[in-house]
file upload_2.tsv (TSV, C-alpha atoms)
chain	number	residue	atom	x	y	z
A	2	MET	CA	31.76	-119.89	144.98
A	3	PRO	CA	32.24	-117.80	141.86
A	4	THR	CA	28.93	-117.66	140.05
A	5	TRP	CA	27.31	-116.13	137.02
A	6	LYS	CA	27.28	-112.81	138.85
A	7	THR	CA	31.06	-112.67	138.71
A	8	ARG	CA	31.04	-112.06	135.04
A	9	GLY	CA	27.71	-111.92	133.36
A	10	ARG	CA	25.88	-109.52	135.56
A	11	ARG	CA	28.10	-106.51	135.68
A	12	GLY	CA	26.07	-103.40	135.08
A	13	ASP	CA	23.09	-105.31	136.31
A	14	ALA	CA	20.92	-102.46	137.54
A	15	LEU	CA	20.73	-100.87	134.11
A	16	GLU	CA	20.11	-104.18	132.43
A	17	ASP	CA	17.25	-104.98	134.80
A	18	LEU	CA	15.76	-101.57	134.12
A	19	ILE	CA	15.85	-102.21	130.40
A	20	LEU	CA	14.39	-105.71	130.73
A	21	PHE	CA	11.56	-104.25	132.81
A	22	SER	CA	11.00	-101.55	130.20
A	23	ASN	CA	11.05	-104.08	127.35
A	24	ASP	CA	8.39	-106.03	129.19
A	25	TYR	CA	6.28	-102.90	129.49
A	26	TYR	CA	6.74	-102.14	125.78
A	27	LEU	CA	5.78	-105.69	124.82
A	28	LYS	CA	2.68	-105.81	127.02
A	29	ASN	CA	1.51	-102.53	125.53
A	30	GLY	CA	2.19	-103.57	121.95
A	31	ILE	CA	4.77	-100.80	121.53
A	32	ALA	CA	7.83	-102.88	120.67
A	33	ARG	CA	9.41	-106.29	120.89
A	34	ILE	CA	12.99	-105.96	122.14
A	35	ASP	CA	14.98	-108.94	123.44
A	36	LYS	CA	18.28	-109.45	125.14
A	37	ALA	CA	20.71	-111.53	123.10
A	38	ALA	CA	21.98	-114.59	124.94
A	39	THR	CA	25.63	-114.53	125.99
A	40	PRO	CA	27.51	-116.82	123.61
A	41	VAL	CA	28.82	-119.82	125.49
A	42	LYS	CA	30.89	-122.45	123.70
A	43	VAL	CA	29.84	-125.79	125.12
A	44	VAL	CA	32.63	-128.37	125.19
A	45	GLU	CA	31.18	-131.18	127.26
A	46	ILE	CA	27.72	-132.41	128.24
A	47	ASP	CA	26.99	-135.22	130.67
A	48	GLY	CA	24.50	-138.02	130.01
A	49	LYS	CA	21.61	-135.94	131.33
A	50	GLY	CA	22.16	-132.93	129.10
A	51	LEU	CA	23.86	-130.87	131.81
A	52	VAL	CA	26.78	-128.80	130.55
A	53	THR	CA	29.94	-129.72	132.43
A	54	LYS	CA	32.52	-127.77	130.47
A	55	ALA	CA	32.09	-124.57	128.51
A	56	TYR	CA	33.60	-121.15	128.11
A	57	PHE	CA	32.40	-117.67	127.32
A	58	GLU	CA	32.88	-116.42	123.80
A	59	LYS	CA	33.22	-112.85	122.62
A	60	LYS	CA	30.04	-111.33	121.40
A	61	ALA	CA	29.93	-110.43	117.72
A	62	THR	CA	26.74	-108.43	118.20
A	63	VAL	CA	25.41	-106.18	120.95
A	64	ASP	CA	23.13	-106.90	123.89
A	65	PHE	CA	19.66	-105.92	122.78
A	66	TYR	CA	17.80	-106.11	119.50
A	67	GLY	CA	14.27	-105.78	118.30
A	68	ILE	CA	11.68	-103.80	116.48
A	69	ALA	CA	9.27	-100.98	117.23
A	70	GLN	CA	6.72	-100.07	114.61
A	71	GLY	CA	8.88	-101.12	111.70
A	72	VAL	CA	12.14	-99.75	113.08
A	73	PHE	CA	14.90	-102.25	113.77
A	74	MET	CA	17.18	-101.27	116.60
A	75	THR	CA	20.12	-102.80	118.36
A	76	PHE	CA	21.93	-101.41	121.37
A	77	ASP	CA	24.20	-102.06	124.26
A	78	ALA	CA	23.68	-100.91	127.84
A	79	LYS	CA	26.67	-99.45	129.64
A	80	GLU	CA	27.25	-98.03	133.09
A	81	THR	CA	30.10	-95.78	134.14
A	82	ASN	CA	31.22	-94.29	137.44
A	83	LEU	CA	33.25	-91.67	135.60
A	84	ASN	CA	32.15	-88.44	133.98
A	85	ASN	CA	33.02	-89.97	130.63
A	86	PHE	CA	32.47	-93.20	128.74
A	87	PRO	CA	35.73	-95.13	128.18
A	88	LEU	CA	35.89	-96.50	124.64
A	89	LYS	CA	37.57	-99.67	125.87
A	90	ASN	CA	34.13	-100.71	127.19
A	91	ILE	CA	33.02	-101.50	123.68
A	92	HIS	CA	34.78	-104.01	121.44
A	93	PRO	CA	35.83	-103.24	117.85
A	94	HIS	CA	33.71	-106.09	116.44
A	95	GLN	CA	30.69	-104.64	118.24
A	96	VAL	CA	31.35	-101.25	116.65
A	97	GLU	CA	31.63	-103.05	113.31
A	98	TYR	CA	28.29	-104.75	113.96
A	99	MET	CA	26.65	-101.41	114.73
A	100	LYS	CA	28.15	-99.95	111.57
A	101	ASN	CA	26.65	-102.78	109.48
A	102	ILE	CA	23.23	-102.25	111.05
A	103	ASP	CA	23.44	-98.50	110.46
A	104	GLU	CA	24.40	-99.08	106.82
A	105	GLN	CA	21.41	-101.38	106.36
A	106	GLY	CA	19.04	-98.72	107.67
A	107	GLY	CA	18.65	-99.91	111.25
A	108	LEU	CA	19.34	-97.94	114.41
A	109	ALA	CA	22.37	-98.69	116.53
A	110	PHE	CA	23.21	-96.93	119.75
A	111	LEU	CA	24.37	-97.22	123.34
A	112	ILE	CA	22.36	-96.49	126.44
A	113	ILE	CA	24.82	-95.05	128.94
A	114	HIS	CA	24.11	-94.69	132.63
A	115	PHE	CA	26.27	-92.05	134.32
A	116	LYS	CA	26.06	-93.25	137.88
A	117	GLN	CA	27.58	-90.16	139.48
A	118	CYS	CA	24.63	-88.02	138.45
A	119	GLN	CA	22.13	-90.85	137.89
A	120	ARG	CA	21.38	-89.79	134.33
A	121	PHE	CA	20.83	-91.89	131.22
A	122	PHE	CA	21.63	-90.98	127.63
A	123	LEU	CA	21.21	-92.52	124.22
A	124	LEU	CA	24.53	-92.27	122.41
A	125	PRO	CA	24.10	-92.47	118.63
A	126	PHE	CA	26.29	-94.86	116.68
A	127	GLU	CA	27.55	-91.91	114.61
A	128	VAL	CA	28.99	-90.17	117.67
A	129	LEU	CA	30.51	-93.38	118.99
A	130	TYR	CA	32.03	-94.16	115.62
A	131	ASN	CA	33.62	-90.75	115.22
A	132	TYR	CA	35.21	-91.07	118.65
A	133	CYS	CA	36.48	-94.56	117.79
A	134	LEU	CA	38.06	-93.31	114.56
A	135	ALA	CA	39.69	-90.37	116.33
A	136	SER	CA	40.90	-92.64	119.12
A	137	ASN	CA	42.52	-94.98	116.59
A	138	ASN	CA	44.38	-91.94	115.29
A	139	GLY	CA	45.74	-91.01	118.69
A	140	GLY	CA	42.74	-89.05	119.91
A	141	ARG	CA	41.10	-89.30	123.33
A	142	LYS	CA	40.07	-92.70	124.62
A	143	SER	CA	36.73	-91.71	126.09
A	144	ILE	CA	33.60	-89.72	125.33
A	145	PRO	CA	33.04	-86.91	127.84
A	146	PHE	CA	29.70	-86.49	129.57
A	147	ASP	CA	29.49	-82.99	128.07
A	148	ASP	CA	29.22	-84.51	124.61
A	149	MET	CA	25.95	-86.19	125.45
A	150	ILE	CA	23.09	-84.75	123.41
A	151	ALA	CA	20.47	-83.06	125.58
A	152	GLU	CA	17.54	-84.23	123.44
A	153	LEU	CA	18.72	-87.82	123.79
A	154	GLU	CA	18.52	-87.95	127.56
A	155	ILE	CA	16.42	-90.91	128.68
A	156	HIS	CA	13.94	-90.42	131.46
A	157	LEU	CA	12.74	-92.83	134.08
A	158	THR	CA	8.97	-92.73	134.40
A	159	ALA	CA	7.15	-92.73	137.73
A	160	GLY	CA	6.29	-96.38	137.04
A	161	GLY	CA	9.98	-97.31	136.80
A	162	VAL	CA	10.13	-97.61	133.02
A	163	LEU	CA	13.32	-96.37	131.40
A	164	HIS	CA	11.50	-94.83	128.48
A	165	TYR	CA	14.27	-95.09	125.91
A	166	LEU	CA	11.95	-95.30	122.90
A	167	GLU	CA	11.20	-91.62	123.43
A	168	ALA	CA	14.92	-90.94	122.98
A	169	VAL	CA	14.91	-93.26	119.97
A	170	ASN	CA	12.28	-91.05	118.34
A	171	HIS	CA	14.48	-88.03	118.98
A	172	TYR	CA	17.43	-89.95	117.60
A	173	ILE	CA	15.53	-90.52	114.34
A	174	ASP	CA	14.85	-86.77	114.13
A	175	TRP	CA	18.48	-86.00	114.95
A	176	LYS	CA	19.66	-88.48	112.31
A	177	ASN	CA	17.45	-86.95	109.64
A	178	ASN	CA	18.66	-83.46	110.43
A	179	SER	CA	22.30	-84.36	110.78
A	180	ILE	CA	22.58	-86.15	107.42
B	10	MET	CA	31.54	-138.70	125.08
B	11	PRO	CA	28.36	-136.80	124.39
B	12	THR	CA	29.35	-133.43	123.02
B	13	TRP	CA	27.82	-130.24	121.71
B	14	LYS	CA	26.94	-132.13	118.55
B	15	THR	CA	24.50	-134.27	120.49
B	16	ARG	CA	22.17	-131.41	120.98
B	17	GLY	CA	23.16	-128.12	119.53
B	18	ARG	CA	24.01	-129.07	116.01
B	19	ARG	CA	20.98	-130.93	114.82
B	20	GLY	CA	20.00	-129.70	111.39
B	21	ASP	CA	23.57	-128.67	110.91
B	22	ALA	CA	23.79	-128.78	107.12
B	23	LEU	CA	21.05	-126.20	106.67
B	24	GLU	CA	22.46	-124.00	109.41
B	25	ASP	CA	25.91	-124.07	107.82
B	26	LEU	CA	24.38	-123.17	104.47
B	27	ILE	CA	22.64	-120.17	106.02
B	28	LEU	CA	25.75	-119.04	107.88
B	29	PHE	CA	27.69	-119.22	104.62
B	30	SER	CA	24.97	-117.23	102.87
B	31	ASN	CA	24.88	-114.63	105.64
B	32	ASP	CA	28.60	-114.21	105.23
B	33	TYR	CA	28.14	-113.66	101.52
B	34	TYR	CA	25.38	-111.13	102.15
B	35	LEU	CA	27.51	-109.26	104.67
B	36	LYS	CA	30.61	-109.13	102.49
B	37	ASN	CA	28.53	-107.75	99.64
B	38	GLY	CA	26.77	-105.17	101.76
B	39	ILE	CA	23.39	-106.79	101.13
B	40	ALA	CA	22.36	-107.61	104.69
B	41	ARG	CA	23.57	-108.22	108.21
B	42	ILE	CA	21.98	-111.38	109.58
B	43	ASP	CA	23.29	-113.13	112.69
B	44	LYS	CA	22.60	-116.36	114.47
B	45	ALA	CA	21.29	-115.87	117.99
B	46	ALA	CA	23.38	-117.63	120.63
B	47	THR	CA	21.79	-120.64	122.31
B	48	PRO	CA	20.72	-119.54	125.78
B	49	VAL	CA	22.77	-121.34	128.40
B	50	LYS	CA	22.10	-120.74	132.08
B	51	VAL	CA	25.48	-120.73	133.78
B	52	VAL	CA	25.41	-122.06	137.34
B	53	GLU	CA	29.08	-122.40	138.23
B	54	ILE	CA	32.38	-120.94	137.03
B	55	ASP	CA	35.81	-122.02	138.22
B	56	GLY	CA	38.56	-119.60	139.23
B	57	LYS	CA	39.75	-119.25	135.64
B	58	GLY	CA	36.42	-118.27	134.15
B	59	LEU	CA	35.69	-121.72	132.74
B	60	VAL	CA	32.07	-122.77	133.05
B	61	THR	CA	31.80	-126.00	135.04
B	62	LYS	CA	28.04	-126.26	135.42
B	63	ALA	CA	25.31	-124.95	133.17
B	64	TYR	CA	22.18	-126.04	131.40
B	65	PHE	CA	20.39	-125.24	128.18
B	66	GLU	CA	17.44	-122.92	128.40
B	67	LYS	CA	14.47	-122.71	126.09
B	68	LYS	CA	14.79	-120.09	123.44
B	69	ALA	CA	12.29	-117.25	123.64
B	70	THR	CA	13.22	-116.04	120.17
B	71	VAL	CA	14.19	-117.78	116.93
B	72	ASP	CA	17.57	-118.64	115.47
B	73	PHE	CA	18.40	-115.86	113.07
B	74	TYR	CA	17.80	-112.13	113.05
B	75	GLY	CA	19.01	-109.12	111.18
B	76	ILE	CA	18.33	-106.46	108.64
B	77	ALA	CA	18.49	-106.04	104.87
B	78	GLN	CA	17.99	-102.58	103.45
B	79	GLY	CA	15.73	-101.41	106.23
B	80	VAL	CA	13.77	-104.65	106.59
B	81	PHE	CA	14.02	-106.45	109.91
B	82	MET	CA	13.68	-110.19	109.64
B	83	THR	CA	13.83	-113.10	112.02
B	84	PHE	CA	13.61	-116.76	111.12
B	85	ASP	CA	14.28	-120.30	112.14
B	86	ALA	CA	15.89	-123.00	110.00
B	87	LYS	CA	14.26	-126.43	110.02
B	88	GLU	CA	14.99	-129.70	108.31
B	89	THR	CA	12.57	-132.55	107.83
B	90	ASN	CA	12.85	-136.05	106.39
B	91	LEU	CA	9.09	-136.20	105.93
B	92	ASN	CA	6.92	-134.77	103.20
B	93	ASN	CA	5.46	-132.39	105.78
B	94	PHE	CA	6.66	-130.08	108.52
B	95	PRO	CA	5.59	-131.29	111.99
B	96	LEU	CA	4.37	-128.37	114.11
B	97	LYS	CA	5.93	-129.87	117.21
B	98	ASN	CA	9.28	-128.71	115.79
B	99	ILE	CA	8.46	-125.15	116.70
B	100	HIS	CA	7.69	-124.04	120.26
B	101	PRO	CA	4.64	-121.96	121.18
B	102	HIS	CA	6.81	-119.16	122.64
B	103	GLN	CA	8.68	-118.98	119.33
B	104	VAL	CA	5.41	-118.63	117.45
B	105	GLU	CA	4.46	-115.90	119.91
B	106	TYR	CA	7.79	-114.17	119.23
B	107	MET	CA	7.20	-114.31	115.49
B	108	LYS	CA	3.70	-112.93	116.01
B	109	ASN	CA	5.11	-109.97	117.95
B	110	ILE	CA	7.65	-109.25	115.24
B	111	ASP	CA	4.99	-109.48	112.55
B	112	GLU	CA	2.76	-107.09	114.49
B	113	GLN	CA	5.61	-104.61	114.78
B	114	GLY	CA	6.16	-104.63	111.01
B	115	GLY	CA	9.07	-107.04	110.80
B	116	LEU	CA	9.23	-110.24	108.80
B	117	ALA	CA	9.08	-113.61	110.50
B	118	PHE	CA	9.32	-116.93	108.72
B	119	LEU	CA	10.80	-120.40	108.64
B	120	ILE	CA	13.26	-121.78	106.15
B	121	ILE	CA	12.35	-125.43	105.71
B	122	HIS	CA	14.58	-127.97	104.06
B	123	PHE	CA	12.70	-130.97	102.72
B	124	LYS	CA	15.50	-133.49	102.62
B	125	GLN	CA	13.66	-136.13	100.58
B	126	CYS	CA	13.54	-133.89	97.54
B	127	GLN	CA	16.38	-131.53	98.53
B	128	ARG	CA	14.21	-128.44	98.22
B	129	PHE	CA	14.07	-125.33	100.40
B	130	PHE	CA	11.06	-123.11	101.07
B	131	LEU	CA	10.35	-119.94	102.96
B	132	LEU	CA	7.25	-120.52	105.06
B	133	PRO	CA	5.54	-117.23	105.99
B	134	PHE	CA	4.60	-116.63	109.59
B	135	GLU	CA	0.97	-116.20	108.51
B	136	VAL	CA	0.78	-119.75	107.12
B	137	LEU	CA	2.52	-121.20	110.16
B	138	TYR	CA	0.24	-119.32	112.50
B	139	ASN	CA	-2.94	-120.47	110.79
B	140	TYR	CA	-1.78	-124.06	111.03
B	141	CYS	CA	-0.94	-123.61	114.71
B	142	LEU	CA	-4.37	-122.17	115.45
B	143	ALA	CA	-6.09	-124.99	113.55
B	144	SER	CA	-3.93	-127.58	115.28
B	145	ASN	CA	-4.87	-126.18	118.70
B	146	ASN	CA	-8.48	-126.71	117.67
B	147	GLY	CA	-7.96	-130.34	116.79
B	148	GLY	CA	-6.67	-129.83	113.24
B	149	ARG	CA	-3.70	-131.53	111.64
B	150	LYS	CA	-0.34	-131.41	113.42
B	151	SER	CA	1.83	-130.74	110.41
B	152	ILE	CA	2.06	-128.60	107.30
B	153	PRO	CA	2.09	-130.67	104.10
B	154	PHE	CA	4.74	-130.11	101.47
B	155	ASP	CA	1.98	-129.34	98.99
B	156	ASP	CA	1.13	-126.19	100.95
B	157	MET	CA	4.51	-124.67	100.24
B	158	ILE	CA	4.19	-121.57	98.07
B	159	ALA	CA	5.92	-122.00	94.70
B	160	GLU	CA	7.14	-118.37	94.59
B	161	LEU	CA	8.77	-118.82	97.97
B	162	GLU	CA	11.05	-121.66	96.97
B	163	ILE	CA	14.66	-120.86	97.86
B	164	HIS	CA	17.36	-121.65	95.36
B	165	LEU	CA	20.92	-122.65	95.91
B	166	THR	CA	23.26	-120.67	93.66
B	167	ALA	CA	26.15	-122.24	91.79
B	168	GLY	CA	28.44	-120.63	94.38
B	169	GLY	CA	26.70	-122.49	97.22
B	170	VAL	CA	24.71	-119.53	98.52
B	171	LEU	CA	21.21	-120.34	99.72
B	172	HIS	CA	19.75	-117.18	98.29
B	173	TYR	CA	16.86	-116.77	100.69
B	174	LEU	CA	16.68	-112.98	100.36
B	175	GLU	CA	15.24	-113.50	96.91
B	176	ALA	CA	12.40	-115.45	98.53
B	177	VAL	CA	12.13	-112.72	101.19
B	178	ASN	CA	11.43	-110.21	98.41
B	179	HIS	CA	8.72	-112.47	97.07
B	180	TYR	CA	7.37	-112.84	100.58
B	181	ILE	CA	7.03	-109.05	100.84
B	182	ASP	CA	5.06	-109.03	97.56
B	183	TRP	CA	2.95	-111.96	98.74
B	184	LYS	CA	2.27	-110.20	102.05
B	185	ASN	CA	1.18	-107.00	100.34
B	186	ASN	CA	-1.17	-108.86	98.03
B	187	SER	CA	-2.58	-111.17	100.65
B	188	ILE	CA	-3.52	-108.40	103.11
call {"tool": "encode", "arguments": {"input": "upload_2.tsv", "output": "structure tokens"}}
result
Amino acid sequence: MPTWKTRGRRGDALEDLILFSNDYYLKNGIARIDKAATPVKVVEIDGKGLVTKAYFEKKATVDFYGIAQGVFMTFDAKETNLNNFPLKNIHPHQVEYMKNIDEQGGLAFLIIHFKQCQRFFLLPFEVLYNYCLASNNGGRKSIPFDDMIAELEIHLTAGGVLHYLEAVNHYIDWKNNSI
Amino acid sequence: MPTWKTRGRRGDALEDLILFSNDYYLKNGIARIDKAATPVKVVEIDGKGLVTKAYFEKKATVDFYGIAQGVFMTFDAKETNLNNFPLKNIHPHQVEYMKNIDEQGGLAFLIIHFKQCQRFFLLPFEVLYNYCLASNNGGRKSIPFDDMIAELEIHLTAGGVLHYLEAVNHYIDWKNNSI
């Protein structure tokens, strides 16, 4: 039987890691970050409120959003088996969403898990956006691992927390210096 | 046939107004505010990716979230035919969510439409929370219309925009003075 796993839970390991980390952040009063629900267009409901016909819609936003000490952030979690991140893994309307958030003073980024080497990086919206623009003009269709920013590597703590807020702090520094 | 309308689109008029306003804000570069998808737990998918069994889940967050010029905000839209807002219309886990956002320096509030008099108010999280606490201790189960804050009334522009960001600005002033 095809189930939810078929579609919704690709890249599950990373997502679970982030959910676990968000829980840790919340319990310690560090941040409140939530996963956005997958948009499902409901077409039919039976008499008991059970959905009997529906389909998945494209997401206009990205997977996670929330706030840490006054800073709004929104990000998507991506896994890749390659030594690059293929741009086709992110939709144009999601890039547009991230651009809007960036323009309004929020943080937008990807968390990319390179499975070959088991390393995690925060990829700033600015870098993603430049690659998307270049790609639209015939440039390369992926971001190479070598373009990851060393300071934005995300570390897994001994307790199993993917401590991405540390990288977010570095991202803020990077953003201030790079403007 | 019971459809999506049966459940998901209660309070539709207000929601449509807000969506229209969000669109206006986005097009004018004023804010990016999105409606959170309704969480649907998918149980079964057919071979073509159509959902054939699913059910509605309780929302852990509130309906709208986004950012305007660096300010993260999250809010729910509520309509009432009464001259008060019944607290049972908001779930404890949503109040908890709003509390977390408030603690992290974001804004959390309700937009309430009093249909009898066709007036709209921003209700600050702080007011809501105090009523919830009192209610849990045997106090009244609703917030009277008379407790709405005059400065936080939301006005409908001639162009049909429910200009709630104006009230959000007043809310920020109110918050700074009331602390």
call {"tool": "interface_residues", "arguments": {"input": "upload_2.tsv", "of": "chain B", "to": "chain A", "cutoff": "10 Å", "atoms": "only C-alpha atoms", "output": "PyMOL selection string"}}
result
chain B and resi 10-17+35+38-65+68-70+74-83+106-107+109-116
call {"tool": "residues_around", "arguments": {"input": "upload_2.tsv", "residues": "region 24-29 of chain B", "least_positions_apart": "2", "cutoff": "10 Å", "atoms": "only C-alpha atoms", "output": "number ranges by chain"}}
result
B: 18-22, 31-35, 42-44, 72-73, 85-88, 120, 165, 169-173
call {"tool": "calpha_fit_and_write", "arguments": {"input": "upload_2.tsv", "fixed": "chain A", "moving": "chain B", "output": "short mmCIF file (atom, residue, chain, number, x, y, z; two decimals) with C-alpha atoms, in the coordinates of the input"}}
result
data_model
loop_
_atom_site.label_atom_id
_atom_site.label_comp_id
_atom_site.auth_asym_id
_atom_site.auth_seq_id
_atom_site.Cartn_x
_atom_site.Cartn_y
_atom_site.Cartn_z
CA MET B 10 32.14 -119.77 144.94
CA PRO B 11 32.49 -117.62 141.86
CA THR B 12 29.16 -117.63 140.11
CA TRP B 13 27.44 -116.17 137.08
CA LYS B 14 27.33 -112.86 138.92
CA THR B 15 31.10 -112.63 138.76
CA ARG B 16 31.04 -112.07 135.08
CA GLY B 17 27.71 -112.00 133.41
CA ARG B 18 25.83 -109.58 135.56
CA ARG B 19 28.05 -106.56 135.67
CA GLY B 20 26.00 -103.45 135.06
CA ASP B 21 23.04 -105.34 136.34
CA ALA B 22 20.88 -102.46 137.55
CA LEU B 23 20.71 -100.87 134.11
CA GLU B 24 20.09 -104.20 132.43
CA ASP B 25 17.23 -104.98 134.81
CA LEU B 26 15.74 -101.56 134.13
CA ILE B 27 15.84 -102.20 130.39
CA LEU B 28 14.37 -105.69 130.73
CA PHE B 29 11.54 -104.23 132.80
CA SER B 30 10.99 -101.53 130.18
CA ASN B 31 11.03 -104.06 127.35
CA ASP B 32 8.38 -106.01 129.18
CA TYR B 33 6.27 -102.88 129.47
CA TYR B 34 6.73 -102.13 125.78
CA LEU B 35 5.77 -105.66 124.81
CA LYS B 36 2.67 -105.80 126.99
CA ASN B 37 1.50 -102.52 125.50
CA GLY B 38 2.17 -103.54 121.93
CA ILE B 39 4.76 -100.79 121.51
CA ALA B 40 7.82 -102.88 120.65
CA ARG B 41 9.41 -106.29 120.88
CA ILE B 42 12.98 -105.95 122.14
CA ASP B 43 14.96 -108.92 123.43
CA LYS B 44 18.27 -109.44 125.13
CA ALA B 45 20.69 -111.52 123.09
CA ALA B 46 21.96 -114.58 124.94
CA THR B 47 25.61 -114.51 126.00
CA PRO B 48 27.50 -116.79 123.63
CA VAL B 49 28.81 -119.81 125.49
CA LYS B 50 30.88 -122.41 123.68
CA VAL B 51 29.83 -125.76 125.09
CA VAL B 52 32.63 -128.34 125.16
CA GLU B 53 31.17 -131.17 127.23
CA ILE B 54 27.71 -132.39 128.21
CA ASP B 55 27.00 -135.20 130.65
CA GLY B 56 24.51 -138.00 129.99
CA LYS B 57 21.62 -135.92 131.31
CA GLY B 58 22.17 -132.91 129.09
CA LEU B 59 23.86 -130.84 131.79
CA VAL B 60 26.78 -128.78 130.54
CA THR B 61 29.95 -129.71 132.42
CA LYS B 62 32.52 -127.74 130.45
CA ALA B 63 32.10 -124.54 128.49
CA TYR B 64 33.60 -121.12 128.09
CA PHE B 65 32.40 -117.64 127.32
CA GLU B 66 32.87 -116.41 123.80
CA LYS B 67 33.21 -112.85 122.60
CA LYS B 68 30.01 -111.34 121.40
CA ALA B 69 29.90 -110.44 117.72
CA THR B 70 26.72 -108.43 118.19
CA VAL B 71 25.40 -106.18 120.96
CA ASP B 72 23.12 -106.90 123.89
CA PHE B 73 19.66 -105.91 122.78
CA TYR B 74 17.79 -106.10 119.51
CA GLY B 75 14.26 -105.80 118.29
CA ILE B 76 11.68 -103.78 116.48
CA ALA B 77 9.25 -100.96 117.23
CA GLN B 78 6.71 -100.06 114.59
CA GLY B 79 8.88 -101.10 111.68
CA VAL B 80 12.14 -99.73 113.07
CA PHE B 81 14.90 -102.23 113.75
CA MET B 82 17.17 -101.26 116.60
CA THR B 83 20.12 -102.79 118.35
CA PHE B 84 21.92 -101.40 121.36
CA ASP B 85 24.19 -102.07 124.26
CA ALA B 86 23.67 -100.92 127.85
CA LYS B 87 26.67 -99.46 129.66
CA GLU B 88 27.24 -98.04 133.10
CA THR B 89 30.08 -95.80 134.14
CA ASN B 90 31.20 -94.30 137.45
CA LEU B 91 33.24 -91.68 135.61
CA ASN B 92 32.15 -88.45 134.00
CA ASN B 93 33.02 -89.99 130.63
CA PHE B 94 32.46 -93.21 128.74
CA PRO B 95 35.72 -95.14 128.20
CA LEU B 96 35.87 -96.54 124.65
CA LYS B 97 37.56 -99.69 125.88
CA ASN B 98 34.13 -100.72 127.19
CA ILE B 99 33.00 -101.49 123.68
CA HIS B 100 34.76 -104.02 121.44
CA PRO B 101 35.82 -103.25 117.87
CA HIS B 102 33.69 -106.12 116.47
CA GLN B 103 30.66 -104.63 118.23
CA VAL B 104 31.33 -101.26 116.65
CA GLU B 105 31.63 -103.05 113.31
CA TYR B 106 28.27 -104.75 113.96
CA MET B 107 26.64 -101.42 114.73
CA LYS B 108 28.16 -99.97 111.57
CA ASN B 109 26.65 -102.78 109.50
CA ILE B 110 23.23 -102.25 111.05
CA ASP B 111 23.44 -98.51 110.47
CA GLU B 112 24.40 -99.09 106.83
CA GLN B 113 21.42 -101.38 106.37
CA GLY B 114 19.03 -98.72 107.68
CA GLY B 115 18.64 -99.91 111.25
CA LEU B 116 19.34 -97.95 114.40
CA ALA B 117 22.37 -98.69 116.53
CA PHE B 118 23.21 -96.93 119.76
CA LEU B 119 24.36 -97.22 123.34
CA ILE B 120 22.36 -96.50 126.45
CA ILE B 121 24.82 -95.06 128.95
CA HIS B 122 24.11 -94.70 132.63
CA PHE B 123 26.25 -92.07 134.31
CA LYS B 124 26.05 -93.27 137.88
CA GLN B 125 27.56 -90.17 139.49
CA CYS B 126 24.63 -88.03 138.45
CA GLN B 127 22.11 -90.86 137.89
CA ARG B 128 21.38 -89.79 134.33
CA PHE B 129 20.82 -91.90 131.22
CA PHE B 130 21.64 -90.98 127.62
CA LEU B 131 21.21 -92.53 124.23
CA LEU B 132 24.53 -92.27 122.42
CA PRO B 133 24.10 -92.48 118.63
CA PHE B 134 26.28 -94.86 116.69
CA GLU B 135 27.56 -91.92 114.63
CA VAL B 136 29.01 -90.17 117.70
CA LEU B 137 30.52 -93.39 119.00
CA TYR B 138 32.04 -94.18 115.64
CA ASN B 139 33.64 -90.76 115.24
CA TYR B 140 35.22 -91.10 118.66
CA CYS B 141 36.49 -94.58 117.80
CA LEU B 142 38.06 -93.35 114.57
CA ALA B 143 39.69 -90.40 116.35
CA SER B 144 40.92 -92.66 119.14
CA ASN B 145 42.52 -95.02 116.61
CA ASN B 146 44.38 -91.98 115.30
CA GLY B 147 45.75 -91.05 118.69
CA GLY B 148 42.73 -89.08 119.94
CA ARG B 149 41.11 -89.32 123.35
CA LYS B 150 40.06 -92.74 124.64
CA SER B 151 36.73 -91.75 126.10
CA ILE B 152 33.60 -89.74 125.35
CA PRO B 153 33.05 -86.92 127.85
CA PHE B 154 29.71 -86.49 129.56
CA ASP B 155 29.50 -83.01 128.08
CA ASP B 156 29.21 -84.53 124.61
CA MET B 157 25.94 -86.20 125.46
CA ILE B 158 23.09 -84.76 123.40
CA ALA B 159 20.47 -83.06 125.59
CA GLU B 160 17.54 -84.24 123.42
CA LEU B 161 18.72 -87.81 123.78
CA GLU B 162 18.52 -87.95 127.55
CA ILE B 163 16.42 -90.91 128.68
CA HIS B 164 13.93 -90.42 131.45
CA LEU B 165 12.74 -92.81 134.07
CA THR B 166 8.95 -92.72 134.39
CA ALA B 167 7.15 -92.71 137.72
CA GLY B 168 6.29 -96.36 137.03
CA GLY B 169 9.98 -97.30 136.79
CA VAL B 170 10.11 -97.59 133.01
CA LEU B 171 13.30 -96.35 131.40
CA HIS B 172 11.49 -94.82 128.47
CA TYR B 173 14.27 -95.07 125.91
CA LEU B 174 11.94 -95.27 122.90
CA GLU B 175 11.19 -91.61 123.43
CA ALA B 176 14.90 -90.92 122.98
CA VAL B 177 14.91 -93.27 119.97
CA ASN B 178 12.30 -91.04 118.33
CA HIS B 179 14.49 -88.03 118.97
CA TYR B 180 17.44 -89.95 117.59
CA ILE B 181 15.53 -90.52 114.34
CA ASP B 182 14.86 -86.76 114.10
CA TRP B 183 18.49 -86.01 114.94
CA LYS B 184 19.67 -88.49 112.30
CA ASN B 185 17.47 -86.97 109.62
CA ASN B 186 18.67 -83.47 110.40
CA SER B 187 22.31 -84.36 110.76
CA ILE B 188 22.58 -86.16 107.40
#
call {"tool": "closest_residue", "arguments": {"input": "upload_2.tsv", "among": "A:Tyr172, A:Phe115, A:Phe146, A:Phe86", "to": "Glu127 (chain A)", "atoms": "all atoms listed in the file"}}
result
A:Tyr172
call {"tool": "atom_distance", "arguments": {"input": "upload_2.tsv", "atom1": "CA of Asp156 (chain B)", "atom2": "CA of Phe118 (chain B)"}}
result
14.6 Å
